Amino acid sequence: MVPAMAHSETAVEFIPADLAPGDGKALELDCRDLDVVRVPSPHEPLFDLAYERLWDEFGPQHEMETREIVAQRLAWHPAAGIGNCWLRYELILVRRQGQFVAVRDHTAVVTCGRGAPHAVVHLSHVLVAAAWRRTGLAGWLRAWPIQTARTCLVAAGFPAASPITLVAEMEHPDPQFPNRLVRLAAYEKAGFKKMDPAAVKYFQPDFRPPQQIDASGGPRPLPFRLVLRRVGREKEEYIQGAEVREIVKCLYRMYETGFREQDMAAVWQSLQDYPDDQANLPLLAPTK
Ligand SMILES: CC(C)(COP(=O)(O)OP(=O)(O)OC[C@H]1O[C@@H](n2cnc3c(N)ncnc32)[C@H](O)[C@@H]1OP(=O)(O)O)[C@@H](O)C(=O)NCCC(=O)NCCS
């Protein structure tokens, strides 16, 4: 383990065992000059830098939460007990000699959903500067959320070794949108798998501001596909209906902390059409 920064609150470690099975290239990257930091609060100058990068990339497509929602999530630090789960949000910024290299954010949601503690980490956004793409850095960015999950588990009073699932929402592959294919190819190479969209019709809540939602006649949840890594279980090719439901409930619990109840109602309702708890569902390659 190589600590990236001395300060324990903001330090992010490079832990080879956390890398996804297909992310071995990350080990070849010389990380010594990289300054990797968890942005601790919205009042830090680093917050503006990190948020603005994410907003510029994802805001115009309504794929980025508002500054207020992100600030509210940072205030959960070290973890907040909300309802029957614990949440921890992190915004990680990578720089080299003061220059932007990458940014990512994610939320760990810890529950005792099916009788035993489990952490689901929602991989919200990741952006790697063009010069740093395909260098191996993205592999570390996919691994760091596991540290967030462990910290959240411990804050909730559970063992750090409890099961952890990383999950990302992805658009369907479409040759007209080459960026989507790049994202999906990257996750596929890392070893992530996709829930079968024929069986699991997942909807993301409407990210637009409430006034805009109301002016347009109500929320428009967006269909997405879920791509996941069950840490330590990457080779398993099936997932049970009950596990799918638990993962999606964790995502919706996170979203409902920032969105209005009326804007969440339709996505909660969509769970009723999910496969039975006992269903054994195939996991697919993300680009298929
Ligand atoms: C998505 C993103 C984070 C991936 O990071 P990356 O450093 O570019 O890619 P990775 O190193 O993870 O790529 C892994 C594999 O994916 C495939 N891949 C990645 N980029 C590719 C490209 N432009 N063309 C074809 N295949 C590509 C390759 O198989 C690659 O492995 P290789 O480099 O050993 O051949 C980065 O491209 C990015 O910041 N994109 C813009 C923002 C975005 O789309 N974020 C994701 C959604 S939140």
# chains A, B, ... in the order shown; residues from 1 in each chain; ligands from 1
>>> select_by_dssp(residues="region 55-235 of chain A", states="alpha helix (DSSP H)", output="JSON, numbers by chain")
{"A": [55, 56, 57, 58, 67, 68, 69, 70, 71, 72, 73, 74, 137, 138, 139, 140, 141, 142, 143, 144, 145, 146, 147, 148, 149, 150, 151, 152, 153, 154, 155, 178, 179, 180, 181, 182, 183, 184, 185, 186, 187, 188, 189, 190, 210, 211, 212, 213, 214, 215]}
>>> residues_near_ligand(ligand="ligand 1", cutoff="10 Å", atoms="only C-alpha atoms and all ligand atoms", output="count of residues only")
52
>>> closest_residue(among="A:Pro42, A:Pro78, A:Pro60, A:Pro286", to="Arg225 (chain A)", atoms="only C-alpha atoms")
A:Pro286
>>> atom_distance(atom1="CA of Pro221 (chain A)", atom2="CA of Pro205 (chain A)")
4.6 Å
>>> residues_around(residues="Thr165 (chain A)", least_positions_apart="4", cutoff="7 Å", atoms="only C-alpha atoms", output="PyMOL selection string")
chain A and resi 119-121+228-231
>>> closest_residue(among="A:Ala199, A:Val12, A:Ser216, A:Val110", to="Gly83 (chain A)", atoms="only C-alpha atoms")
A:Val110
>>> atom_distance(atom1="CA of Asp263 (chain A)", atom2="CA of Cys85 (chain A)")
20.6 Å
>>> residues_around(residues="Gln61 (chain A)", least_positions_apart="5", cutoff="12 Å", atoms="only C-alpha atoms", output="list in words")
Leu54, Trp55, Asp56, Asp206, Phe207, Arg208 and Leu222 of chain A
>>> select_by_dssp(residues="region 247-285 of chain A", states="strand (DSSP E)", output="list of chain:residue names")
A:Asn280, A:Leu281, A:Pro282, A:Leu283, A:Leu284
>>> closest_residue(among="A:Pro40, A:Gly81, A:Pro209, A:Gly113", to="Ile69 (chain A)", atoms="only C-alpha atoms")
A:Pro209
>>> atom_distance(atom1="CA of Asp18 (chain A)", atom2="CA of Val227 (chain A)")
17.5 Å
>>> closest_residue(among="A:Asn280, A:Gln262, A:Gln272, A:Thr148", to="Pro210 (chain A)", atoms="only C-alpha atoms")
A:Gln262
>>> closest_residue(among="A:Leu87, A:Gly115, A:Phe158, A:Asp196", to="Tyr255 (chain A)", atoms="only C-alpha atoms")
A:Leu87
>>> closest_residue(among="A:Met254, A:Val267, A:Glu52, A:Ser162", to="Trp76 (chain A)", atoms="only C-alpha atoms")
A:Met254
